[in-house]
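Structure first, commentary second.
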Amino acid sequence: MARMLKFNIFRYNPQDPASVPHMQSFSIDETESMTLFIVLNRLREEQDPSLQFDFCCRAGICGACAMVINGRPGLACHTKTKDLPEEITLMPLPIFKLVGDLSVDTGTWFRAMYKKIESWCHTKKVFDPNAIEERMDNDVAEAIYELDRCVECGCCVAACGTALMREDFLGATTLNRVARFILDPRDERTEKEYFDLIGTDEGIFGCMGLLACQDVCPKYLPLQDVLGKLRKKMAFAAVNNILPSFLKQDIKL
Amino acid sequence: MSIPSIATHKPMTSCKCSAYLDWCQMLSGAFLIMFMWAHLFLVSSVIIGPGVMNAIGHFFEATGMAQLGGPAIFAIFLTHFVLAARKIPFASKEQGLMLQNAKRMRHADTWLWVVQAVTAMIILIMGSIHMWVVLTDLPITAAKSAARIQGGWWMLFYLVLLPMVELHVGIGFYRIMIKWGVIDSKGRFGFKKKENLLTAIMIGIGVVTLLRFWFLATK
Amino acid sequence: MQIIQTDLLCIGAGLAGERVAIEAAENGFSVICLSLVPARRSHSSAAQGGMQAALGNSAMGEGDSPDVHFSDTVKGSDWGADQECSRIFADTAPIAMRQMAFWGVPWNRVVPGEATYYKGGKPFTAFEKPENEGLIHSRSFGGTAKWRTCYTSDGTGHAVLYTLDNRAAQMGVEVHDKTEAIALIHDGDTCMGAIVRCLKTGELRAYLSRATLIATGGYGRIYRESTNAVICDGGGMIIGLDTGVVPFGNPEAVQFHPTGIVPTDILVTEGCRGDGGTLLDVNQYRFMPDYEPEKAELASRDVVSRRMTEHIRKGLGVKGSYGDHLWLDIRHLGEKHISTKLREVQEICESFLGVDPVHQLIPVRPTQHYSMGGVRTNKDGAAYGLKGLFSAGEAACWDMHGFNRLGGNSLAETIVAGMWVGGKVVEFLAGTDTIFKTEAIRAAQQKQEERIKALISGSNGRENVYAVRNAMFDTIMKGAGIFRNGTDLAESVTKLTEILHRARKVGLRSNGLGANGELSLALKIEGMVKLAQCVCYGALQRTESRGAHTREDFPERNDRDWLNRTLATWANSTDDLPTLSYEPATKVFEIPPGERGYGGGKIIPMDNPPTATPKGAKA
Ligand SMILES: Cc1cc2nc3c(=O)[nH]c(=O)nc-3n(C[C@H](O)[C@H](O)[C@H](O)COP(=O)(O)OP(=O)(O)OC[C@H]3O[C@@H](n4cnc5c(N)ncnc54)[C@H](O)[C@@H]3O)c2cc1C
Ligand code: HEM
Ligand code: HEM
Ligand code: SF4
Ligand code: F3S
Ligand code: FES
């Protein structure tokens, strides 16, 4: 039996002086294999062409369509209506600046992040087009890729109570990015340089271990493990010079 | 992360304060956990018999550990409070954000934190009163404790404080293991289950202890 | 209106756009990239398989060289490629790949010793040389003589794009995301930048630039069923075509992939069939052997897509709420094989269909996948028609792919062409001054402002933009689908003309304020219909079958009359049809036209076959 689904959708267009934030409900008949991508596009085509939302790859790969679905941040395109109750509430991601309705500006936030942690390989070497590539252990490559899989959807930040309370908190995705570079032998930054980036209360020591990040990440990044190792690494980096040698630890990520 | 805070480009100063404070927070928490376990062990010795408890109490008395240790623990207790309080939102807007987030997400670990913060405030007040009362009335004997508890109000007092403390300790223990990467993501749910069980057992022992005090003949 | 000036304006921040941007920034020029979405969400991130470069490090890639890569590419193109470009590409690809490694791509590396691989569903072992330990590894892809596809797990596009965007951030390349270029600023001779709509606020801005690059990716979204991201709707081609002077090369060269899932048209890899999966119809009958007794499901992409369509047309497709489809069956491969070797497929099926491929059938249909055609450029990446305008990546018809691109060659093209064209852009910037003509800027701005006003007020009409788009979808698929014939194409051209008239009468139903999605579509619907018309009209005129362009009524490849490239311009914006002209496919023949060695089919030879020009010689 096909269900009639009821959607409560947050509406607000900051560019329209007549618009005020409110919830609007829509009804739509459920079809087979229906995803929120199909629902929202049908609502825009059939019911309200002013509805704003973001989709891009619609395949769960690009991270564009993150929104709060019945309370939890997630990717709308790979959320099936079959797995949801008859009444569904959609809200834009908190923390990121609202563009309109369900659409938010993640780009600005993430670019600020790249600048802050200098999200690139720091090296003094110069590329030599005539040389063969530097060798790398395949296991190392795979470990880097495991963390490089983040799609910058912003779910982990939007779900984190710490980030909600403190706007200067870097968030799990940022700390994960730093861990990716710490793992990468091509990045020549020293432990001290990394410490200066994240060994603060805005960084790893601000994380309170709420683990919402781990639980909502649509790409199943091992954020809990990354954050745990980073904390240990940074904490020991701070005290290694005063510890007796048998207590010193050099934490590998 | 705010744009202005990046735009100002304040020069990177290498400060290890945050790391030190985090160490201290964890160590004070860990110490208090151990203390609370030991404490429970000592107090619950009354279940075996008032004599055992008296003997242990006497040992601490005689070696001066109670006189020195008591205030020391009180100091650590306050230190831990000061350190951990850095994380507790005192502005109602922030408290609201955290609470709404936990509700909206129906997310267990976020709720745990809320529980931890709320129990912390209760422990701060009740724990201080409790310590004050016990430490100003040394030596510790089973009889004195029983008398206090049979007064009625103290029974009620402990019945509130006990679960608060055990919840806070239990969650605190779980959180330390998670935050410091001792337990990895694979072990998380198993560990959490065990930790919950441990908390329940602790509360159980505590209640039995209190009952023992309640029914202990005060001579 | 806000005016922003820069040396180089890259319209598009996918792999191609950013690679060009980095080259310019490294040479000290100011660069701004525009993108509909944050740079890293560009569709390049969706490519999973990998990118080709003849490094020859892996056991199965031994003996590979740029020459072999070159010849695979030209054969793949069915000799439609510009061989000079294919040569530049094959020679530069290894350097580009190593540079990406230097910048941080976690390429999978050679693990020495015995390794087990699969071919045709059967395992075999190969020995990876110890001296190659830690060098970039490669995997197998269709149409290649050697295993040469470099990869990072099943997220190559993602990993490369993230690395490139890191590098761009490092070099100070500015990315203005959530912006859409809606027109080029030009005077019919020189390009001076673009009029851009901000997709956060809806405002218009003018970007003035000495050089402008179109790197907007493919135009798959003029088809309803496409594996492409929803943003791949041909914005770059449209603004090029709108100038009236910049030609659209080989619009009819569109590639279809047999197994897009239904309803979301997400790609499931060819590996399913490679490992032994089969295709079933409504009666769960395996039909491919009836059509292709020998190769069955493993015939080439275009052949399988064609047969599937034929079968559906016979009414043997499975009816569903999203149109007819067929089944892909991999159940017999077993749980172990599926959850290890086809993990991605399993994930896609579970997340998007709620189907477990171990026990259930996967609904599939042939789906538009890649556009070989695009903004026609010379081998330096400079667009025909306007000075200061360049193009690279899938948006361009640089033309190394001709009528069929090989898997793994397009991702590689983006960074190789990006590197090469970037160098040429730098030369251009260093040696040329551009005079910005205020009247051209003002005219471009006014025109766009008026268009928006007319759409909001409905002064041209009240056509529903989504209805127009749906009509276009139906029509293009009927005419320029997997296989084509004169009758259907002629009918489509006529219908598209009507649809074009409707597109000119679109009016909004919403108020159009802010980042309104209806307005975004309304602004480009006319252009999209024009692209569709270029595809259909180009296909109607091309009376032969070459690569992905298959005419039922002209099944031979006709080198005598059609070894050339279609150039479509829209000379007058009010015209109903594009103006077509043709140029030789290539000036240089390193490899004269011949058999591809697969796919079969008859060839009508050239009257005066060219002799091979030695490698590196100039035309
Ligand atoms: C599902 C799938 C899998 C694939 N797998 C492979 C593979 O394994 N190997 C391989 O070689 N190839 C593969 N391809 C093809 C390959 O991914 C693309 O051809 C290539 O990534 C195109 O890169 P690009 O930089 O040209 O464009 P894109 O990455 O598409 O970038 C286009 C950019 O232009 C911007 N843009 C578009 N219009 C406008 C406008 N009007 N104004 C401003 N900005 C605009 C977009 O926002 C985006 O930033 C695959 C393609 C698909 C669809
Ligand atoms: C017997 C008393 C107490 C014990 C055993 C105890 C134990 C702990 C432990 C083990 C932790 C985890 C530490 C960490 O995550 O680093 C913790 C955290 C915390 N404690 Fe206590 N605590 C006690 C009293 C208090 C008091 C009085 C407060 C008062 C406010 C308090 C507030 C907090 C807070 C807010 C946290 C969370 C810190 C964070 O998540 O980073 N605790 N406690
Ligand atoms: C040096 C410090 C402490 C001493 C000497 C001490 C001693 C005692 C004693 C003697 C009792 C028995 C009841 C009584 O006599 O009233 C008791 C019970 C109790 N104490 Fe403490 N205590 C100390 C610190 C704490 C702290 C910091 C907490 C928690 C915040 C705490 C929580 C409790 C609880 C919950 C009980 C009830 C016991 C139960 O049910 O098992 N105590 N303590
Ligand atoms: S870590 Fe996960 S949740 Fe966070 S941005 Fe990346 S993919 Fe999204
Ligand atoms: S939810 Fe937030 S507090 Fe830490 S563990 Fe995740 S970043
Ligand atoms: S649209 Fe790309 S992840 Fe959902």
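Residues are named by chain letter and number: chains run A, B, ... in the order of the structure tokens, numbers start at 1 in each chain, and ligands are numbered from 1 in the order shown.
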
Surroundings of ligand 5 up to 8 Å, based on only C-alpha atoms and all ligand atoms, as a list in words:
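These are the residues that qualify: Cys156, Val157, Ala159, Cys160, Gly161, Thr162, Ala163, Gly171, Ala172, Ile204, Gly206, Cys207, Met208, Gly209, Leu210, Leu211, Ala212, Cys213, Gln214, Leu223, Gln224 and Leu227 of chain A; Thr110 and Lys179 of chain B.
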
Take the residues that were just selected and, keeping C-alpha atoms, output them as a PDB file, in the first residue's frame.
```pdb
ATOM      1  CA  CYS A 156      29.694  16.021  11.997  1.00  0.00           C
ATOM      2  CA  VAL A 157      29.914  19.715  12.784  1.00  0.00           C
ATOM      3  CA  ALA A 159      25.671  17.306  15.121  1.00  0.00           C
ATOM      4  CA  CYS A 160      28.377  18.279  17.611  1.00  0.00           C
ATOM      5  CA  GLY A 161      27.125  19.936  20.776  1.00  0.00           C
ATOM      6  CA  THR A 162      30.525  21.477  21.347  1.00  0.00           C
ATOM      7  CA  ALA A 163      30.520  23.118  17.933  1.00  0.00           C
ATOM      8  CA  GLY A 171      35.017  20.393  14.536  1.00  0.00           C
ATOM      9  CA  ALA A 172      35.691  16.756  13.774  1.00  0.00           C
ATOM     10  CA  ILE A 204      41.480  18.720  19.949  1.00  0.00           C
ATOM     11  CA  GLY A 206      37.909  21.305  23.030  1.00  0.00           C
ATOM     12  CA  CYS A 207      36.380  18.025  21.938  1.00  0.00           C
ATOM     13  CA  MET A 208      34.280  16.588  24.763  1.00  0.00           C
ATOM     14  CA  GLY A 209      33.920  13.137  23.279  1.00  0.00           C
ATOM     15  CA  LEU A 210      30.249  13.457  22.442  1.00  0.00           C
ATOM     16  CA  LEU A 211      30.727  11.143  19.468  1.00  0.00           C
ATOM     17  CA  ALA A 212      27.755  12.503  17.569  1.00  0.00           C
ATOM     18  CA  CYS A 213      30.250  13.118  14.789  1.00  0.00           C
ATOM     19  CA  GLN A 214      31.105   9.452  14.620  1.00  0.00           C
ATOM     20  CA  LEU A 223      36.321   9.884  13.735  1.00  0.00           C
ATOM     21  CA  GLN A 224      36.291   8.476  17.242  1.00  0.00           C
ATOM     22  CA  LEU A 227      40.131  12.104  17.697  1.00  0.00           C
TER      23      LEU A 227
ATOM     24  CA  THR B 110      25.180  13.711  23.854  1.00  0.00           C
ATOM     25  CA  LYS B 179      38.516  10.732  24.521  1.00  0.00           C
TER      26      LYS B 179
END
```

Give me the residues near A:Val99 as number ranges by chain, where near means some atom within 9 Å (using only C-alpha atoms) and where sequence neighbours in that chain fewer than 2 positions away do not count.
A: 12-15, 52, 97, 101-105; C: 199-201, 514-515

Can you tell me which residues sit at most 7 Å away from ligand 2, counting only C-alpha atoms and all ligand atoms, written as a PyMOL selection string?
(chain A and resi 208-209) or (chain B and resi 22+25-26+29-30+32-33+36+77-78+80-81+84-85+87-88+113+116-117+120-121+123-124+165+168-169+172-173+175-176+179)

Could you give me, as a tab-separated table, a per-residue list for chain A showing, wherever an atom lies at most 10 Å from an atom of ligand 1, the closest pair of atoms and their distance in Å to one decimal, using only C-alpha atoms and all ligand atoms and sorting by chain then residue number from low to high?
```
residue	atom	partner	partner_atom_place_in_ligand_line	distance
A:Cys56	CA	ligand 1	47 (O)	9.1
A:Cys57	CA	ligand 1	1 (C)	8.4
A:Ala59	CA	ligand 1	1 (C)	8.7
A:Ile61	CA	ligand 1	1 (C)	9.8
```

Show me which bits of chain C are within 6 Å of chain A, counting only C-alpha atoms, as a list of chain:residue names.
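Result, ordered by chain then number: C:Pro38, C:Arg41, C:Ile95, C:Arg98, C:Pro106, C:Asn108, C:Arg109, C:Gly134, C:Leu135, C:Asn166, C:Lys200, C:Ala229, C:Val230, C:Ile231, C:Ser351, C:Phe352, C:Leu353, C:Ser510, C:Gly514, C:Glu518.
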
Pull out every residue of chain A that has at least one atom within 6 Å of chain B, counting only C-alpha atoms, and report them as JSON, numbers by chain.
{"A": [71, 72, 161, 165, 167, 168, 169, 170, 196, 200, 201, 209, 210, 225, 228, 229, 232, 235]}

At a cut-off of 8 Å around ligand 3, and using only C-alpha atoms and all ligand atoms, what residues come up? Please write them as a tab-separated table (two decimals) with N, CA and C atoms, in the first residue's frame.
```
chain	number	residue	atom	x	y	z
B	32	LEU	N	39.64	10.98	41.02
B	32	LEU	CA	38.38	10.96	41.76
B	32	LEU	C	37.63	9.65	41.54
B	36	MET	N	36.54	7.29	44.43
B	36	MET	CA	35.16	6.90	44.67
B	36	MET	C	35.02	5.38	44.75
B	39	HIS	N	36.41	4.52	48.09
B	39	HIS	CA	35.47	5.02	49.07
B	39	HIS	C	34.29	4.06	49.22
B	40	LEU	N	33.78	3.65	48.08
B	40	LEU	CA	32.65	2.73	48.12
B	40	LEU	C	33.06	1.43	48.80
B	43	VAL	N	33.37	2.13	52.59
B	43	VAL	CA	32.09	2.34	53.28
B	43	VAL	C	31.26	1.06	53.27
B	44	SER	N	31.32	0.35	52.12
B	44	SER	CA	30.48	-0.84	52.02
B	44	SER	C	31.02	-2.00	52.86
B	66	ALA	N	43.43	10.17	56.99
B	66	ALA	CA	42.12	10.81	56.95
B	66	ALA	C	42.26	12.32	57.15
B	69	GLY	N	44.43	13.33	54.05
B	69	GLY	CA	43.79	12.91	52.79
B	69	GLY	C	42.46	13.59	52.58
B	70	GLY	N	41.70	13.70	53.61
B	70	GLY	CA	40.37	14.30	53.48
B	70	GLY	C	40.43	15.67	52.82
B	71	PRO	N	41.14	16.60	53.44
B	71	PRO	CA	41.25	17.92	52.82
B	71	PRO	C	41.87	17.86	51.42
B	72	ALA	N	42.82	16.93	51.24
B	72	ALA	CA	43.45	16.84	49.92
B	72	ALA	C	42.41	16.46	48.88
B	73	ILE	N	41.59	15.50	49.26
B	73	ILE	CA	40.56	15.10	48.31
B	73	ILE	C	39.59	16.24	48.05
B	74	PHE	N	39.31	16.94	49.10
B	74	PHE	CA	38.44	18.09	48.93
B	74	PHE	C	39.06	19.07	47.93
B	77	PHE	N	38.82	17.67	44.46
B	77	PHE	CA	37.42	17.80	44.09
B	77	PHE	C	37.14	19.20	43.54
B	123	ILE	N	26.52	17.20	42.59
B	123	ILE	CA	27.61	16.65	43.38
B	123	ILE	C	28.40	17.76	44.05
B	124	LEU	N	28.59	18.82	43.31
B	124	LEU	CA	29.38	19.93	43.86
B	124	LEU	C	28.81	20.38	45.19
B	126	MET	N	26.17	18.83	47.10
B	126	MET	CA	25.94	17.78	48.09
B	126	MET	C	27.25	17.16	48.57
B	127	GLY	N	28.18	16.98	47.64
B	127	GLY	CA	29.47	16.40	48.00
B	127	GLY	C	30.20	17.28	49.00
B	128	SER	N	30.12	18.59	48.78
B	128	SER	CA	30.80	19.50	49.70
B	128	SER	C	30.21	19.38	51.11
B	130	HIS	N	28.56	16.91	52.37
B	130	HIS	CA	28.88	15.59	52.91
B	130	HIS	C	30.30	15.56	53.46
B	131	MET	N	31.21	16.03	52.70
B	131	MET	CA	32.61	15.98	53.13
B	131	MET	C	32.81	16.83	54.37
B	133	VAL	N	30.66	17.56	56.64
B	133	VAL	CA	30.06	16.90	57.80
B	133	VAL	C	30.94	15.76	58.29
B	134	VAL	N	31.39	14.93	57.39
B	134	VAL	CA	32.18	13.76	57.80
B	134	VAL	C	33.53	14.19	58.35
B	135	LEU	N	34.15	15.13	57.66
B	135	LEU	CA	35.52	15.47	58.04
B	135	LEU	C	35.59	16.33	59.31
B	140	ILE	N	35.99	8.28	61.88
B	140	ILE	CA	34.88	7.60	61.21
B	140	ILE	C	34.63	6.28	61.90
B	141	THR	N	33.40	6.12	62.36
B	141	THR	CA	33.03	4.80	62.87
B	141	THR	C	31.68	4.43	62.30
B	142	ALA	N	31.45	3.14	62.21
B	142	ALA	CA	30.20	2.64	61.68
B	142	ALA	C	29.03	3.17	62.48
B	144	LYS	N	28.74	5.96	64.17
B	144	LYS	CA	28.41	7.37	63.93
B	144	LYS	C	27.67	7.53	62.60
B	145	SER	N	28.18	6.78	61.62
B	145	SER	CA	27.54	6.84	60.31
B	145	SER	C	26.11	6.36	60.40
B	146	ALA	N	25.93	5.24	61.06
B	146	ALA	CA	24.59	4.67	61.17
B	146	ALA	C	23.66	5.66	61.85
B	148	ARG	N	23.87	8.84	61.91
B	148	ARG	CA	23.56	9.93	61.00
B	148	ARG	C	22.47	9.51	60.01
B	149	ILE	N	22.68	8.34	59.46
B	149	ILE	CA	21.76	7.90	58.41
B	149	ILE	C	20.37	7.62	58.96
B	154	TRP	N	19.43	12.29	56.23
B	154	TRP	CA	20.69	11.87	55.60
B	154	TRP	C	20.49	10.69	54.67
B	158	TYR	N	21.68	10.78	50.87
B	158	TYR	CA	22.57	9.81	50.21
B	158	TYR	C	21.88	9.11	49.05
B	159	LEU	N	20.56	8.90	49.23
B	159	LEU	CA	19.84	8.23	48.13
B	159	LEU	C	19.82	9.10	46.87
B	160	VAL	N	19.95	10.40	47.06
B	160	VAL	CA	20.08	11.28	45.90
B	160	VAL	C	21.53	11.32	45.44
B	161	LEU	N	22.42	11.56	46.37
B	161	LEU	CA	23.83	11.75	46.00
B	161	LEU	C	24.42	10.50	45.36
B	162	LEU	N	24.07	9.34	45.91
B	162	LEU	CA	24.67	8.10	45.43
B	162	LEU	C	24.50	7.90	43.91
B	163	PRO	N	23.26	7.90	43.40
B	163	PRO	CA	23.15	7.70	41.94
B	163	PRO	C	23.80	8.82	41.14
B	164	MET	N	23.74	10.03	41.69
B	164	MET	CA	24.38	11.15	40.98
B	164	MET	C	25.86	10.88	40.81
B	165	VAL	N	26.48	10.49	41.90
B	165	VAL	CA	27.92	10.25	41.87
B	165	VAL	C	28.25	9.09	40.95
B	166	GLU	N	27.49	8.02	41.09
B	166	GLU	CA	27.83	6.84	40.29
B	166	GLU	C	27.62	7.10	38.80
B	203	ILE	N	25.72	1.27	42.24
B	203	ILE	CA	24.56	1.85	42.91
B	203	ILE	C	23.93	0.80	43.82
B	205	ILE	N	25.38	-1.79	45.33
B	205	ILE	CA	26.17	-1.94	46.56
B	205	ILE	C	25.91	-0.78	47.51
B	206	GLY	N	25.87	0.43	46.91
B	206	GLY	CA	25.64	1.63	47.71
B	206	GLY	C	24.32	1.55	48.46
B	207	VAL	N	23.28	1.11	47.77
B	207	VAL	CA	21.97	1.03	48.40
B	207	VAL	C	21.99	0.00	49.53
B	208	VAL	N	22.61	-1.13	49.27
B	208	VAL	CA	22.71	-2.16	50.30
B	208	VAL	C	23.45	-1.60	51.52
B	209	THR	N	24.53	-0.86	51.22
B	209	THR	CA	25.29	-0.26	52.32
B	209	THR	C	24.40	0.65	53.16
B	210	LEU	N	23.67	1.50	52.43
B	210	LEU	CA	22.80	2.42	53.15
B	210	LEU	C	21.77	1.68	54.00
```

Using only C-alpha atoms, which residues sit within 9 Å of stretch 17-28 of chain C once same-chain residues fewer than 2 positions away are excluded, as a VMD selection string?
chain C and resid 7 to 15 30 to 34 39 161 164 to 165 167 to 168 171 to 173 213 to 216 391 to 393 414 to 423 425 to 426 429

Could you pull out the helix (DSSP H, G or I) residues of stretch 61-180 of chain B from DSSP and send them as a PyMOL selection string?
chain B and resi 61-62+65-85+92-105+108-135+142-150+153-179

Residues within 6 Å of C:Ala53, only C-alpha atoms, excluding chain neighbours under 3 positions, as a short mmCIF file (atom, residue, chain, number, x, y, z; two decimals) with N, CA and C atoms, in the first residue's frame:
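What landed in around_12.cif:
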```cif
data_model
loop_
_atom_site.label_atom_id
_atom_site.label_comp_id
_atom_site.auth_asym_id
_atom_site.auth_seq_id
_atom_site.Cartn_x
_atom_site.Cartn_y
_atom_site.Cartn_z
N ALA C 93 50.57 12.54 -19.67
CA ALA C 93 49.81 11.92 -18.58
C ALA C 93 50.70 11.39 -17.44
N PRO C 94 51.82 10.69 -17.76
CA PRO C 94 52.64 10.18 -16.64
C PRO C 94 53.18 11.30 -15.75
N ARG C 148 46.50 0.25 -17.12
CA ARG C 148 47.20 1.52 -16.94
C ARG C 148 46.39 2.53 -16.14
#
```

Atom CA of C:Gly157 to atom CA of C:Ala47: how many Å, to one decimal?
4.6 Å

Can you measure atom CA of C:Arg205 to atom CA of C:Ala181 for me? One decimal in Å is fine.
9.3 Å

6 Å contact set for stretch 354-369 of chain C, only C-alpha atoms, chain neighbours under 2 positions out, as a list in words
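Residues meeting the cut-off are Glu225, Ser226, Thr227, Gln255, Phe256, His257, Pro258, Thr259, Gly260, Ile261, Val262, Ser305, His325, Leu326, Trp327, Leu328, Asp329, Arg331, Glu335, Cys349, Glu350, Ser351 and Phe352 of chain C.
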
Keeping only N, CA, C and O atoms, take the residues you just selected and write them out as a compact mmCIF listing (two decimals), in the first residue's frame.
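Generated output (selection10.txt):
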```
# COMPACT_ATOMS: atom_id res chain seq x y z
N GLU C 225 17.71 10.75 -18.09
CA GLU C 225 18.46 9.69 -17.44
C GLU C 225 19.94 9.87 -17.71
O GLU C 225 20.41 9.64 -18.82
N SER C 226 20.66 10.29 -16.67
CA SER C 226 22.09 10.53 -16.83
C SER C 226 22.79 10.14 -15.56
O SER C 226 22.26 10.33 -14.46
N THR C 227 24.02 9.60 -15.70
CA THR C 227 24.80 9.29 -14.50
C THR C 227 25.43 10.56 -13.93
O THR C 227 26.01 10.54 -12.86
N GLN C 255 28.08 9.52 -25.01
CA GLN C 255 28.29 8.14 -24.59
C GLN C 255 27.22 7.67 -23.60
O GLN C 255 26.87 8.39 -22.67
N PHE C 256 26.73 6.44 -23.81
CA PHE C 256 25.77 5.83 -22.89
C PHE C 256 26.41 4.66 -22.17
O PHE C 256 27.20 3.93 -22.74
N HIS C 257 26.03 4.50 -20.92
CA HIS C 257 26.55 3.39 -20.12
C HIS C 257 25.39 2.42 -19.87
O HIS C 257 24.29 2.86 -19.52
N PRO C 258 25.61 1.11 -20.03
CA PRO C 258 24.49 0.17 -19.93
C PRO C 258 23.83 0.09 -18.55
O PRO C 258 22.63 -0.16 -18.46
N THR C 259 24.58 0.30 -17.49
CA THR C 259 23.99 -0.01 -16.19
C THR C 259 23.93 1.17 -15.23
O THR C 259 24.71 1.29 -14.30
N GLY C 260 22.99 2.06 -15.50
CA GLY C 260 22.62 3.05 -14.50
C GLY C 260 21.45 2.45 -13.74
O GLY C 260 20.61 1.78 -14.33
N ILE C 261 21.40 2.65 -12.42
CA ILE C 261 20.29 2.04 -11.68
C ILE C 261 19.04 2.91 -11.79
O ILE C 261 19.12 4.10 -12.05
N VAL C 262 17.89 2.26 -11.61
CA VAL C 262 16.60 2.95 -11.68
C VAL C 262 16.04 3.04 -10.26
O VAL C 262 16.07 2.04 -9.55
N SER C 305 24.17 -1.32 -24.65
CA SER C 305 23.15 -0.28 -24.47
C SER C 305 22.13 -0.34 -25.58
O SER C 305 20.92 -0.22 -25.36
N HIS C 325 12.49 -0.67 -17.35
CA HIS C 325 13.90 -0.99 -17.10
C HIS C 325 14.12 -2.48 -17.26
O HIS C 325 13.19 -3.24 -17.57
N LEU C 326 15.37 -2.90 -17.08
CA LEU C 326 15.71 -4.32 -17.14
C LEU C 326 16.38 -4.69 -15.81
O LEU C 326 16.56 -3.83 -14.95
N TRP C 327 16.70 -5.96 -15.67
CA TRP C 327 17.36 -6.38 -14.42
C TRP C 327 18.83 -6.72 -14.65
O TRP C 327 19.18 -7.33 -15.66
N LEU C 328 19.65 -6.36 -13.69
CA LEU C 328 21.02 -6.86 -13.65
C LEU C 328 21.06 -7.90 -12.54
O LEU C 328 20.63 -7.64 -11.42
N ASP C 329 21.56 -9.08 -12.88
CA ASP C 329 21.56 -10.18 -11.92
C ASP C 329 23.00 -10.56 -11.57
O ASP C 329 23.75 -11.04 -12.43
N ARG C 331 23.41 -12.24 -8.50
CA ARG C 331 23.21 -13.11 -7.32
C ARG C 331 24.10 -14.34 -7.35
O ARG C 331 24.62 -14.77 -6.32
N GLU C 335 27.77 -14.22 -2.14
CA GLU C 335 27.91 -13.16 -1.15
C GLU C 335 29.37 -12.72 -1.00
O GLU C 335 29.68 -11.54 -0.94
N CYS C 349 23.44 -0.18 -4.06
CA CYS C 349 22.14 -0.85 -4.11
C CYS C 349 21.42 -0.74 -2.76
O CYS C 349 20.22 -0.49 -2.71
N GLU C 350 22.17 -0.91 -1.71
CA GLU C 350 21.53 -0.85 -0.40
C GLU C 350 21.10 0.56 -0.06
O GLU C 350 19.98 0.77 0.42
N SER C 351 21.97 1.54 -0.30
CA SER C 351 21.61 2.91 0.09
C SER C 351 20.51 3.48 -0.79
O SER C 351 19.70 4.25 -0.31
N PHE C 352 20.52 3.19 -2.06
CA PHE C 352 19.61 3.90 -2.95
C PHE C 352 18.41 3.10 -3.38
O PHE C 352 17.41 3.65 -3.82
```
